[in-house]
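work.txt (compact mmCIF, C-alpha atoms) appears below.
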# COMPACT_ATOMS: atom_id res chain seq x y z
CA MET R 1 12.42 -120.38 -72.99
CA ASN R 2 14.22 -117.60 -74.82
CA ARG R 3 16.83 -120.04 -76.06
CA ILE R 4 14.22 -122.43 -77.38
CA ASP R 5 12.27 -119.97 -79.52
CA ALA R 6 15.39 -117.88 -80.38
CA SER R 7 14.07 -114.71 -78.77
CA ASP R 8 17.60 -113.61 -77.94
CA HIS R 9 18.15 -112.93 -81.61
CA TYR R 10 15.64 -110.08 -81.58
CA SER R 11 16.85 -108.59 -78.30
CA GLU R 12 20.47 -108.55 -79.39
CA SER R 13 22.01 -105.07 -79.19
CA ALA R 14 23.51 -103.28 -82.17
CA SER R 15 27.04 -103.40 -80.74
CA THR R 16 27.06 -107.20 -80.42
CA ALA R 17 25.20 -107.89 -83.67
CA GLY R 18 28.02 -106.56 -85.86
CA PRO R 19 30.48 -103.72 -86.40
CA ILE R 20 29.23 -100.24 -85.61
CA PRO R 21 28.53 -98.19 -88.77
CA SER R 22 30.78 -95.25 -89.54
CA LEU R 23 29.62 -91.97 -91.08
CA LEU R 24 32.24 -89.86 -92.82
CA THR R 25 31.24 -86.30 -93.71
CA ILE R 26 33.66 -84.54 -96.06
CA ILE R 27 33.71 -80.78 -96.63
CA ILE R 28 35.53 -79.67 -99.79
CA ASP R 29 36.77 -76.10 -100.00
CA THR R 30 35.78 -75.05 -103.54
CA ASN R 31 37.16 -71.50 -103.51
CA PRO R 32 37.95 -70.71 -107.18
CA ARG R 33 40.78 -68.33 -106.35
CA ALA R 34 42.53 -70.81 -104.09
CA TRP R 35 42.28 -73.65 -106.62
CA ALA R 36 43.55 -71.33 -109.36
CA ALA R 37 46.67 -70.64 -107.28
CA LEU R 38 47.08 -74.38 -106.72
CA SER R 39 46.36 -75.48 -110.30
CA ASP R 40 50.02 -75.88 -111.28
CA LEU R 41 50.65 -78.40 -108.51
CA LEU R 42 47.24 -80.04 -108.05
CA PRO R 43 44.24 -79.24 -110.28
CA ILE R 44 40.81 -79.66 -108.77
CA SER R 45 40.04 -82.51 -111.20
CA LYS R 46 42.92 -84.62 -109.85
CA ALA R 47 42.02 -83.71 -106.30
CA VAL R 48 38.45 -84.94 -106.79
CA ALA R 49 39.74 -88.15 -108.41
CA ASN R 50 41.96 -88.84 -105.39
CA LEU R 51 39.11 -88.01 -103.05
CA LEU R 52 36.84 -90.53 -104.80
CA VAL R 53 39.41 -93.27 -104.23
CA PHE R 54 39.45 -92.38 -100.54
CA VAL R 55 35.64 -92.41 -100.37
CA ASN R 56 35.49 -95.82 -102.06
CA ALA R 57 38.02 -97.18 -99.58
CA HIS R 58 35.89 -95.94 -96.68
CA LEU R 59 32.76 -97.55 -98.11
CA ALA R 60 34.59 -100.80 -98.80
CA PHE R 61 35.56 -101.16 -95.14
CA GLY R 62 32.03 -102.13 -94.19
CA ASN R 63 28.62 -102.55 -95.76
CA ASP R 64 27.09 -100.24 -93.16
CA ASN R 65 29.53 -97.37 -93.71
CA HIS R 66 28.09 -94.12 -95.00
CA VAL R 67 29.49 -90.98 -96.56
CA ALA R 68 28.24 -87.43 -97.06
CA ILE R 69 30.06 -84.76 -99.05
CA LEU R 70 29.54 -80.99 -99.04
CA ALA R 71 31.11 -78.12 -100.94
CA ALA R 72 32.02 -74.98 -99.01
CA HIS R 73 31.84 -72.27 -101.66
CA THR R 74 32.52 -68.57 -101.41
CA ASN R 75 28.96 -67.59 -100.51
CA ARG R 76 27.09 -70.83 -99.72
CA ALA R 77 27.40 -74.47 -98.79
CA VAL R 78 26.10 -77.03 -101.30
CA TRP R 79 25.41 -80.75 -100.94
CA LEU R 80 27.31 -82.93 -103.38
CA TYR R 81 26.24 -86.32 -102.04
CA PRO R 82 23.55 -87.13 -101.18
CA LYS R 83 21.70 -84.57 -103.22
CA SER R 84 19.74 -82.02 -101.27
CA PRO R 85 15.94 -82.48 -101.34
CA ASN R 86 15.65 -78.68 -101.68
CA PRO R 87 18.09 -77.69 -104.44
CA ASP R 88 19.02 -74.10 -105.02
CA ARG R 89 16.56 -72.71 -107.51
CA ASN R 90 18.88 -69.90 -108.53
CA SER R 91 21.86 -72.18 -109.16
CA GLY R 92 20.74 -73.12 -112.64
CA ARG R 93 19.97 -69.51 -113.58
CA ARG R 94 23.18 -67.84 -112.47
CA GLY R 95 25.58 -66.92 -115.18
CA HIS R 96 22.91 -67.17 -117.92
CA ASP R 97 21.13 -64.40 -119.72
CA ASP R 98 17.46 -63.89 -119.01
CA GLN R 99 16.70 -64.16 -122.73
CA ASP R 100 18.34 -67.56 -122.97
CA GLN R 101 15.50 -70.09 -122.95
CA ASP R 102 17.67 -73.21 -123.28
CA VAL R 103 16.82 -75.95 -120.81
CA GLU R 104 19.61 -78.13 -119.42
CA MET R 105 18.78 -81.81 -119.80
CA THR R 106 20.02 -82.88 -116.40
CA ASP R 107 17.66 -85.86 -116.16
CA VAL R 108 18.79 -87.22 -119.51
CA ASP R 109 22.44 -86.92 -118.55
CA GLY R 110 21.76 -88.66 -115.26
CA ALA R 111 19.95 -91.48 -117.02
CA GLY R 112 22.73 -91.88 -119.56
CA THR R 113 25.32 -92.01 -116.84
CA ALA R 114 23.31 -94.60 -114.96
CA THR R 115 23.03 -96.72 -118.09
CA ASN R 116 26.76 -96.61 -118.67
CA ALA R 117 27.38 -97.42 -115.06
CA GLY R 118 25.00 -100.34 -115.27
CA GLY R 119 26.73 -101.60 -118.42
CA THR R 120 30.09 -101.71 -116.62
CA SER R 121 28.74 -103.01 -113.33
CA ALA R 122 31.19 -105.90 -113.44
CA ASN R 123 34.13 -103.51 -113.10
CA LYS R 124 32.60 -100.86 -110.83
CA PHE R 125 30.56 -101.29 -107.70
CA PRO R 126 27.10 -99.71 -108.17
CA GLN R 127 27.37 -97.62 -105.00
CA PHE R 128 30.77 -96.30 -106.11
CA ALA R 129 29.30 -95.29 -109.46
CA GLN R 130 26.35 -93.59 -107.76
CA VAL R 131 28.59 -91.54 -105.46
CA GLU R 132 30.92 -90.59 -108.31
CA THR R 133 28.07 -89.51 -110.60
CA SER R 134 26.42 -87.42 -107.91
CA ILE R 135 29.64 -85.66 -106.90
CA LEU R 136 30.76 -84.84 -110.43
CA THR R 137 27.32 -83.66 -111.52
CA SER R 138 26.76 -81.45 -108.48
CA LEU R 139 30.28 -80.03 -108.58
CA ARG R 140 30.01 -79.21 -112.27
CA ALA R 141 26.69 -77.44 -111.65
CA LEU R 142 28.25 -75.47 -108.79
CA ILE R 143 31.18 -74.32 -110.90
CA ASP R 144 28.95 -73.36 -113.84
CA SER R 145 26.67 -71.34 -111.57
CA THR R 146 29.53 -69.28 -110.13
CA SER R 147 29.43 -65.72 -111.40
CA PRO R 148 32.28 -63.17 -111.35
CA SER R 149 30.64 -61.44 -108.39
CA ASP R 150 31.00 -64.66 -106.37
CA LEU R 151 34.79 -64.74 -106.70
CA ARG R 152 35.75 -63.84 -103.17
CA PRO R 153 38.90 -64.78 -101.24
CA THR R 154 36.86 -66.22 -98.37
CA THR R 155 35.09 -69.56 -97.96
CA LEU R 156 31.91 -70.31 -96.03
CA ILE R 157 33.36 -73.05 -93.81
CA SER R 158 31.07 -72.25 -90.88
CA GLY R 159 27.93 -72.88 -92.91
CA ALA R 160 29.27 -76.20 -94.18
CA LEU R 161 30.13 -77.28 -90.62
CA THR R 162 26.60 -76.45 -89.50
CA LEU R 163 25.06 -78.51 -92.30
CA ALA R 164 27.40 -81.41 -91.51
CA LEU R 165 26.47 -81.41 -87.83
CA SER R 166 22.76 -81.28 -88.68
CA TYR R 167 23.10 -84.23 -91.04
CA ILE R 168 25.07 -86.23 -88.48
CA ASN R 169 22.44 -85.55 -85.83
CA LYS R 170 19.67 -86.66 -88.18
CA THR R 171 21.51 -89.84 -89.17
CA SER R 172 22.36 -90.67 -85.55
CA SER R 173 18.68 -90.39 -84.64
CA ALA R 174 17.84 -92.87 -87.38
CA PHE R 175 20.39 -95.36 -86.05
CA ALA R 176 19.39 -94.90 -82.42
CA PRO R 177 17.53 -97.88 -80.89
CA ALA R 178 13.86 -97.55 -80.17
CA LYS R 179 12.96 -96.44 -76.67
CA THR R 180 11.49 -99.33 -74.71
CA SER R 181 9.82 -99.44 -71.32
CA PRO R 182 10.36 -102.14 -68.69
CA ASP R 183 6.62 -102.07 -67.98
CA PRO R 184 4.56 -103.22 -71.01
CA ALA R 185 1.39 -101.90 -69.42
CA ASN R 186 2.84 -98.39 -69.18
CA PRO R 187 5.03 -97.61 -72.26
CA ASN R 188 5.81 -94.07 -71.08
CA SER R 189 7.18 -95.14 -67.72
CA ALA R 190 10.83 -94.99 -68.85
CA ALA R 191 10.49 -91.50 -70.31
CA ALA R 192 8.47 -90.12 -67.42
CA GLY R 193 10.58 -91.78 -64.74
CA VAL R 194 7.70 -93.97 -63.48
CA GLY R 195 8.54 -97.48 -62.35
CA THR R 196 11.06 -99.19 -60.16
CA SER R 197 14.24 -97.31 -59.39
CA THR R 198 16.38 -100.36 -60.14
CA ASN R 199 15.31 -100.58 -63.78
CA THR R 200 15.69 -96.87 -64.35
CA THR R 201 19.20 -96.64 -62.95
CA SER R 202 20.38 -99.83 -64.62
CA ALA R 203 19.02 -98.95 -68.06
CA SER R 204 20.36 -95.41 -68.32
CA PRO R 205 24.12 -96.20 -68.25
CA THR R 206 23.70 -98.94 -70.85
CA ALA R 207 21.75 -96.72 -73.19
CA SER R 208 24.22 -93.86 -72.89
CA SER R 209 27.35 -96.00 -73.25
CA THR R 210 26.17 -98.03 -76.26
CA ALA R 211 27.28 -96.32 -79.50
CA THR R 212 25.19 -96.94 -82.61
CA LEU R 213 27.13 -94.74 -85.08
CA HIS R 214 30.68 -93.44 -85.31
CA SER R 215 30.66 -90.00 -86.95
CA ARG R 216 33.48 -87.68 -87.97
CA ILE R 217 34.06 -84.67 -90.20
CA LEU R 218 36.93 -84.17 -92.64
CA VAL R 219 37.65 -80.71 -94.07
CA LEU R 220 39.75 -80.41 -97.23
CA SER R 221 40.97 -76.82 -96.95
CA VAL R 222 42.72 -74.71 -99.59
CA SER R 223 42.29 -71.22 -98.10
CA ASP R 224 43.01 -69.27 -94.94
CA SER R 225 40.55 -68.85 -92.10
CA GLU R 226 38.21 -65.89 -92.35
CA PRO R 227 38.23 -63.77 -89.15
CA ALA R 228 34.65 -62.66 -89.79
CA GLN R 229 33.48 -66.27 -89.36
CA TYR R 230 35.27 -66.80 -86.06
CA ILE R 231 32.16 -66.82 -83.85
CA ALA R 232 30.13 -69.08 -86.15
CA THR R 233 33.04 -71.47 -86.66
CA MET R 234 33.82 -71.76 -82.95
CA ASN R 235 30.15 -72.38 -82.15
CA ALA R 236 30.14 -75.29 -84.60
CA VAL R 237 33.44 -76.59 -83.18
CA PHE R 238 32.18 -76.56 -79.60
CA ALA R 239 28.98 -78.29 -80.71
CA ALA R 240 31.05 -81.02 -82.37
CA SER R 241 33.17 -81.36 -79.25
CA HIS R 242 30.06 -81.70 -77.09
CA ALA R 243 28.72 -84.41 -79.41
CA ARG R 244 32.14 -86.14 -79.45
CA ILE R 245 32.55 -85.77 -83.20
CA PRO R 246 36.21 -85.49 -84.29
CA LEU R 247 36.92 -82.74 -86.81
CA ASP R 248 39.87 -83.59 -89.07
CA THR R 249 41.54 -81.12 -91.40
CA LEU R 250 43.85 -81.59 -94.37
CA SER R 251 45.30 -78.28 -95.53
CA LEU R 252 46.54 -78.15 -99.12
CA TYR R 253 47.21 -74.43 -99.26
CA GLY R 254 47.29 -71.59 -96.75
CA SER R 255 47.10 -71.77 -92.97
CA PRO R 256 43.58 -72.33 -91.56
CA THR R 257 44.07 -71.06 -88.01
CA PHE R 258 40.57 -71.84 -86.78
CA LEU R 259 40.61 -75.36 -88.21
CA GLN R 260 43.82 -76.09 -86.30
CA GLN R 261 42.03 -75.14 -83.11
CA ALA R 262 39.02 -77.23 -84.17
CA ALA R 263 41.16 -80.35 -84.57
CA PHE R 264 42.78 -79.76 -81.19
CA ILE R 265 39.49 -79.13 -79.36
CA THR R 266 37.56 -82.06 -80.85
CA GLY R 267 40.43 -84.57 -80.71
CA GLY R 268 40.81 -84.76 -84.47
CA THR R 269 43.83 -84.86 -86.75
CA TYR R 270 45.35 -81.87 -88.53
CA LEU R 271 47.82 -82.38 -91.38
CA SER R 272 49.35 -79.85 -93.73
CA ALA R 273 50.07 -81.06 -97.26
CA ALA R 274 51.16 -77.63 -98.48
CA PRO R 275 54.79 -78.74 -99.08
CA ASN R 276 53.62 -81.61 -101.34
CA PRO R 277 50.01 -81.27 -102.53
CA ARG R 278 50.54 -84.00 -105.14
CA GLY R 279 50.60 -86.58 -102.34
CA LEU R 280 46.94 -85.94 -101.49
CA LEU R 281 45.93 -89.60 -101.76
CA SER R 282 48.74 -90.72 -99.44
CA TYR R 283 47.71 -88.18 -96.82
CA LEU R 284 44.09 -89.29 -97.04
CA MET R 285 44.71 -93.04 -96.93
CA PHE R 286 47.32 -93.08 -94.17
CA GLY R 287 46.12 -90.18 -92.06
CA PHE R 288 42.32 -90.11 -92.23
CA LEU R 289 41.02 -93.51 -93.25
CA ALA R 290 40.77 -94.91 -89.72
CA ASP R 291 37.75 -93.81 -87.71
CA ALA R 292 37.72 -92.65 -84.10
CA SER R 293 37.47 -96.17 -82.63
CA ALA R 294 40.34 -97.53 -84.75
CA ARG R 295 42.62 -94.61 -83.91
CA ALA R 296 42.70 -95.71 -80.30
CA SER R 297 44.85 -98.67 -81.41
CA LEU R 298 47.04 -96.71 -83.84
CA VAL R 299 49.78 -94.11 -83.56
CA THR R 300 48.18 -91.15 -85.28
CA ALA R 301 49.75 -87.95 -86.48
CA THR R 302 49.87 -85.10 -83.98
CA GLN R 303 50.37 -81.35 -84.24
CA ASP R 304 53.71 -79.91 -83.25
CA THR R 305 52.32 -76.44 -82.70
CA VAL R 306 48.78 -75.08 -82.58
CA ASP R 307 47.91 -71.52 -83.49
CA PHE R 308 45.57 -70.42 -80.69
CA ARG R 309 45.12 -66.87 -81.91
CA ALA R 310 41.59 -65.53 -81.89
CA ALA R 311 39.73 -62.91 -83.92
CA CYS R 312 38.56 -59.73 -82.23
CA PHE R 313 34.87 -58.95 -82.16
CA CYS R 314 35.31 -55.28 -83.06
CA HIS R 315 37.41 -55.31 -86.24
CA ARG R 316 37.45 -59.06 -87.10
CA ARG R 317 41.23 -59.25 -86.99
CA VAL R 318 43.36 -62.15 -85.77
CA ILE R 319 45.28 -60.88 -82.75
CA ASP R 320 47.91 -62.17 -80.34
CA THR R 321 47.06 -59.99 -77.34
CA GLY R 322 43.76 -58.30 -76.57
CA PHE R 323 41.06 -57.53 -74.01
CA VAL R 324 38.42 -60.04 -72.85
CA CYS R 325 35.09 -59.13 -71.29
CA SER R 326 34.65 -60.89 -67.97
CA ILE R 327 30.89 -61.32 -68.52
CA CYS R 328 30.38 -62.51 -72.14
CA LEU R 329 34.04 -63.37 -72.95
CA SER R 330 34.07 -61.11 -76.00
CA ILE R 331 37.53 -60.40 -77.40
CA PHE R 332 38.67 -56.91 -78.45
CA CYS R 333 41.91 -55.78 -80.01
CA GLU R 334 41.78 -52.42 -78.16
CA VAL R 335 39.98 -50.90 -75.22
CA PRO R 336 36.27 -51.20 -76.12
CA GLY R 337 34.30 -48.03 -76.37
CA GLY R 338 37.40 -45.93 -76.96
CA GLY R 339 37.71 -45.17 -73.26
CA SER R 340 40.08 -46.06 -70.49
CA GLY R 341 39.55 -46.87 -66.87
CA ASP R 342 35.88 -46.73 -65.90
CA GLY R 343 34.88 -45.37 -69.33
CA ALA R 344 35.30 -48.71 -71.13
CA GLU R 345 32.13 -50.52 -72.17
CA CYS R 346 31.72 -53.95 -73.75
CA LEU R 347 30.36 -53.70 -77.29
CA THR R 348 28.55 -57.03 -77.00
CA CYS R 349 26.76 -57.04 -73.63
CA GLY R 350 27.16 -53.38 -72.64
CA THR R 351 28.85 -54.11 -69.32
CA ARG R 352 30.91 -51.32 -67.79
CA LEU R 353 34.46 -52.58 -67.53
CA ALA R 354 36.76 -51.37 -64.75
CA LEU R 355 40.31 -51.42 -66.05
CA GLY R 356 41.82 -49.82 -62.95
CA THR R 357 45.05 -47.97 -63.66
CA TYR R 358 45.51 -49.49 -67.12
CA GLY R 359 47.00 -46.98 -69.54
CA ALA R 360 48.37 -44.72 -66.84
CA ARG R 361 51.99 -43.65 -67.14
CA PRO R 362 54.07 -45.50 -64.55
CA ALA R 363 55.99 -43.41 -62.02
CA VAL R 364 59.74 -43.66 -62.48
CA VAL R 365 61.65 -43.65 -59.16
CA PRO R 366 65.31 -42.59 -59.51
CA ARG R 367 67.80 -45.06 -58.17
CA ALA R 368 69.91 -43.95 -55.24
CA ARG R 369 73.56 -43.37 -56.05
CA ARG R 370 76.10 -45.36 -54.10
CA LYS R 371 78.99 -43.49 -52.48
CA ARG R 372 82.49 -44.73 -53.15
CA LYS R 373 84.95 -45.07 -50.25
CA LYS R 374 88.26 -43.19 -50.45
CA GLY R 375 91.68 -44.60 -49.59
CA SER R 376 90.75 -48.23 -49.88
CA GLY R 377 93.76 -50.12 -51.16
CA ARG R 378 94.97 -53.67 -51.27
CA VAL R 379 98.44 -55.03 -51.89
CA ASN R 380 98.38 -58.44 -53.56
CA GLY R 381 96.12 -58.67 -56.62
CA SER R 382 93.89 -55.83 -55.47
CA ALA R 383 93.28 -52.18 -56.22
CA VAL R 384 95.58 -49.59 -54.70
CA GLY R 385 94.30 -46.05 -54.71
CA GLY R 386 91.33 -47.03 -56.84
CA ARG R 387 93.48 -48.84 -59.45
CA GLU R 388 93.76 -52.58 -59.83
CA GLU R 389 97.28 -54.10 -59.99
CA THR R 390 97.67 -57.07 -62.29
CA GLY R 391 101.30 -57.94 -61.42
CA SER R 392 102.70 -59.86 -58.43
CA ALA R 393 104.36 -58.21 -55.38
CA THR R 394 107.46 -60.50 -55.65
CA GLY R 395 109.91 -60.63 -58.51
CA THR R 396 110.40 -63.42 -60.99
CA PRO R 397 112.77 -66.12 -59.62
CA VAL R 398 116.07 -66.56 -61.50
CA PRO R 399 117.22 -70.15 -62.12
CA GLY R 400 120.45 -71.06 -60.30

Have the structure of the file written as structure tokens, please.
Amino acid sequence: MNRIDASDHYSESASTAGPIPSLLTIIIDTNPRAWAALSDLLPISKAVANLLVFVNAHLAFGNDNHVAILAAHTNRAVWLYPKSPNPDRNSGRRGHDDQDQDVEMTDVDGAGTATNAGGTSANKFPQFAQVETSILTSLRALIDSTSPSDLRPTTLISGALTLALSYINKTSSAFAPAKTSPDPANPNSAAAGVGTSTNTTSASPTASSTATLHSRILVLSVSDSEPAQYIATMNAVFAASHARIPLDTLSLYGSPTFLQQAAFITGGTYLSAAPNPRGLLSYLMFGFLADASARASLVTATQDTVDFRAACFCHRRVIDTGFVCSICLSIFCEVPGGGSGDGAECLTCGTRLALGTYGARPAVVPRARRKRKKGSGRVNGSAVGGREETGSATGTPVPG
């Protein structure tokens, strides 16, 4: 009967109906100091132009593909696309005098841009024009609102990762199929566990194995990792690993230690374009265009070495060797509490740490001297009277 009235069309799962949508979340490091050091090789304007080509290629792969772009600034994380429903109220006032009563005509500029985009719709896809307009407008507003006090050498990557994971979770919930119950008379039987055991056990593996959205995060980094953000960054990385979200990183300048570990932990890709930043588009198209499902059939780039150094919790310094609390796994560059032995105390959980004989001066045991034997001599090729003879006991034969 289902074949006659075409009921199978409505019960068809998302995986068999078509390709699974892909969500690409891009985090752009907008540190002004880092881009100023990189301006001779790759200005930020050319970098954004190359990034827009990469975004358009991702959207052109499928009609259901989505993209979200954030800016990790020195003191905050800002949405570039889509625009945040709660914009920063102080962003438009920073850098302006209180007596300046000029009003920026942002709505008029947006309308004019939309009109121009609509006039050239034959040469530019409307969605491409919408993404480009939103990114350029939001990025220009972010740069104009940056004051001299905001020029810091650090970047708020951890905050941008948190926003990206929250957006991915929200989008995944929207794409998730509606929860249905095998018993129409009791809709809550599946959630409460009421009903036959066969239906419950057979439905749970299918629901958990069916993917409705492929999500991943791409970080465009131009600065080093900040040791003060180690805890927040690692929490976001472990959350992404638990949700099976790959975290890719393309480094244009510096050495982001924590992002290398993030790519290794989440199964992402880490590439360093520091030797040739001008090839940004080539790195993006050939290294990061394929999603997680397509990479299973490709030979992707791998890391030769991974910097697994961590930052201490006491001084926020990246260290090679340190002390780890056995209770809360806090890392310290020196004995916590300034004590040794039983006087050490964890600064995080307050646990008394027993270090045993650590720090004690080791006892040096003198080595016993070996006695030499007297009168030991050998004749052929051996020592005689304590001296080694190099010559032979017989003379040299004379030819006859």

Q: Counting all atoms listed in the file, figure out which residue out of R:Pro32, R:Pro43, R:Pro126, R:Pro275 gets nearest to Tyr253 in chain R.
A: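 Closest to Tyr253 in chain R of all the choices is R:Pro275.
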
Give the padded box for range 154-165 of chain R as lines of an AutoDock Vina configuration file: axis-aligned, covering all atoms listed in the file, 6 Å on each side, centre and edge lengths in Å to one decimal.
center_x = 31.0
center_y = -73.8
center_z = -93.1
size_x = 23.8
size_y = 27.2
size_z = 22.5

Q) Pick the closest to Thr305 in chain R from R:Val237, R:Ile331, R:Leu271, R:Ile20: which is it, counting only C-alpha atoms? A)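 Residue with the minimum atom-to-atom distance to Thr305 in chain R: R:Leu271.
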
Q. What does the distance from CA of Asp307 in chain R to CA of Gly279 in chain R come to in Å, to one decimal?
A.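 Value for the CA of Asp307 in chain R-CA of Gly279 in chain R distance: 24.3 Å.
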
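If all atoms listed in the file are the atoms counted, then among R:Met285, R:Leu59, R:Ala301, R:Ile28 the closest residue to Leu161 in chain R is R:Ile28.
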
Q: Skip Ala164 in chain R itself and residues of its chain fewer than 4 positions away, then list as an MDAnalysis selection string all residues within 12 Å of it, counting all atoms listed in the file.
A: chainID R and resid 23:28 67:72 77:82 157:160 168:171 215:219 236:237 239:240 245 247

Q: Measure the distance from CA of His315 in chain R to CA of Thr155 in chain R in Å and round it to one decimal.
A: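 Separation between CA of His315 in chain R and CA of Thr155 in chain R: 18.6 Å.
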
Q: Would you work out the distance separating CA of Thr146 in chain R from CA of Ala37 in chain R, expressed in Å to one decimal?
A: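 Computed distance, CA of Thr146 in chain R to CA of Ala37 in chain R, equals 17.4 Å.
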
Q.
From (32.1, -65.9, -83.4), in the file's coordinates, out to 10 Å: which residues are reached, counting all atoms listed in the file? Answer as a list in words.
A.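 Checked against the point, the hits come out as Ser158, Pro227, Ala228, Gln229, Tyr230, Ile231, Ala232, Thr233, Met234, Asn235, Ala236, Ala310, Ala311, Cys312, Phe313, Arg316, Ser330 and Ile331 of chain R.
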
Pick out the residues sitting within 10 Å of Asp150 in chain R, and hand them over as an mmCIF file with C-alpha atoms, keeping the file's coordinate frame; count all atoms listed in the file, and ignore anything fewer than 2 positions along from it in its own chain.
data_model
loop_
_atom_site.group_PDB
_atom_site.id
_atom_site.type_symbol
_atom_site.label_atom_id
_atom_site.label_comp_id
_atom_site.auth_asym_id
_atom_site.auth_seq_id
_atom_site.Cartn_x
_atom_site.Cartn_y
_atom_site.Cartn_z
ATOM 1 C CA ASN R 31 37.160 -71.500 -103.510
ATOM 2 C CA PRO R 32 37.950 -70.710 -107.180
ATOM 3 C CA HIS R 73 31.840 -72.270 -101.660
ATOM 4 C CA THR R 74 32.520 -68.570 -101.410
ATOM 5 C CA ASN R 75 28.960 -67.590 -100.510
ATOM 6 C CA ARG R 76 27.090 -70.830 -99.720
ATOM 7 C CA SER R 145 26.670 -71.340 -111.570
ATOM 8 C CA THR R 146 29.530 -69.280 -110.130
ATOM 9 C CA SER R 147 29.430 -65.720 -111.400
ATOM 10 C CA PRO R 148 32.280 -63.170 -111.350
ATOM 11 C CA ARG R 152 35.750 -63.840 -103.170
ATOM 12 C CA PRO R 153 38.900 -64.780 -101.240
#

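Minimum atom-to-atom distances from R:Val364, R:Ile135, R:Leu329, R:Ala176 to His214 in chain R were compared using all atoms listed in the file, and the lowest value belongs to R:Ala176.
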
Q) Which residue out of R:Val318, R:Ala292, R:Leu284, R:Gln261 has the minimum interatomic distance to Pro246 in chain R when only C-alpha atoms are used? A) R:Ala292

Q: Could you tell me which of R:Leu42, R:Ala262, R:Asp224, R:Pro19 comes closest to Leu156 in chain R if we count only C-alpha atoms?
A: R:Asp224

Q.
Residues within 12 Å of Phe332 in chain R, please, as a ChimeraX atom specification. Count all atoms listed in the file; anything in the same chain fewer than 4 positions from it doesn't count.
A. /R:310-326,328,336-338,344-348
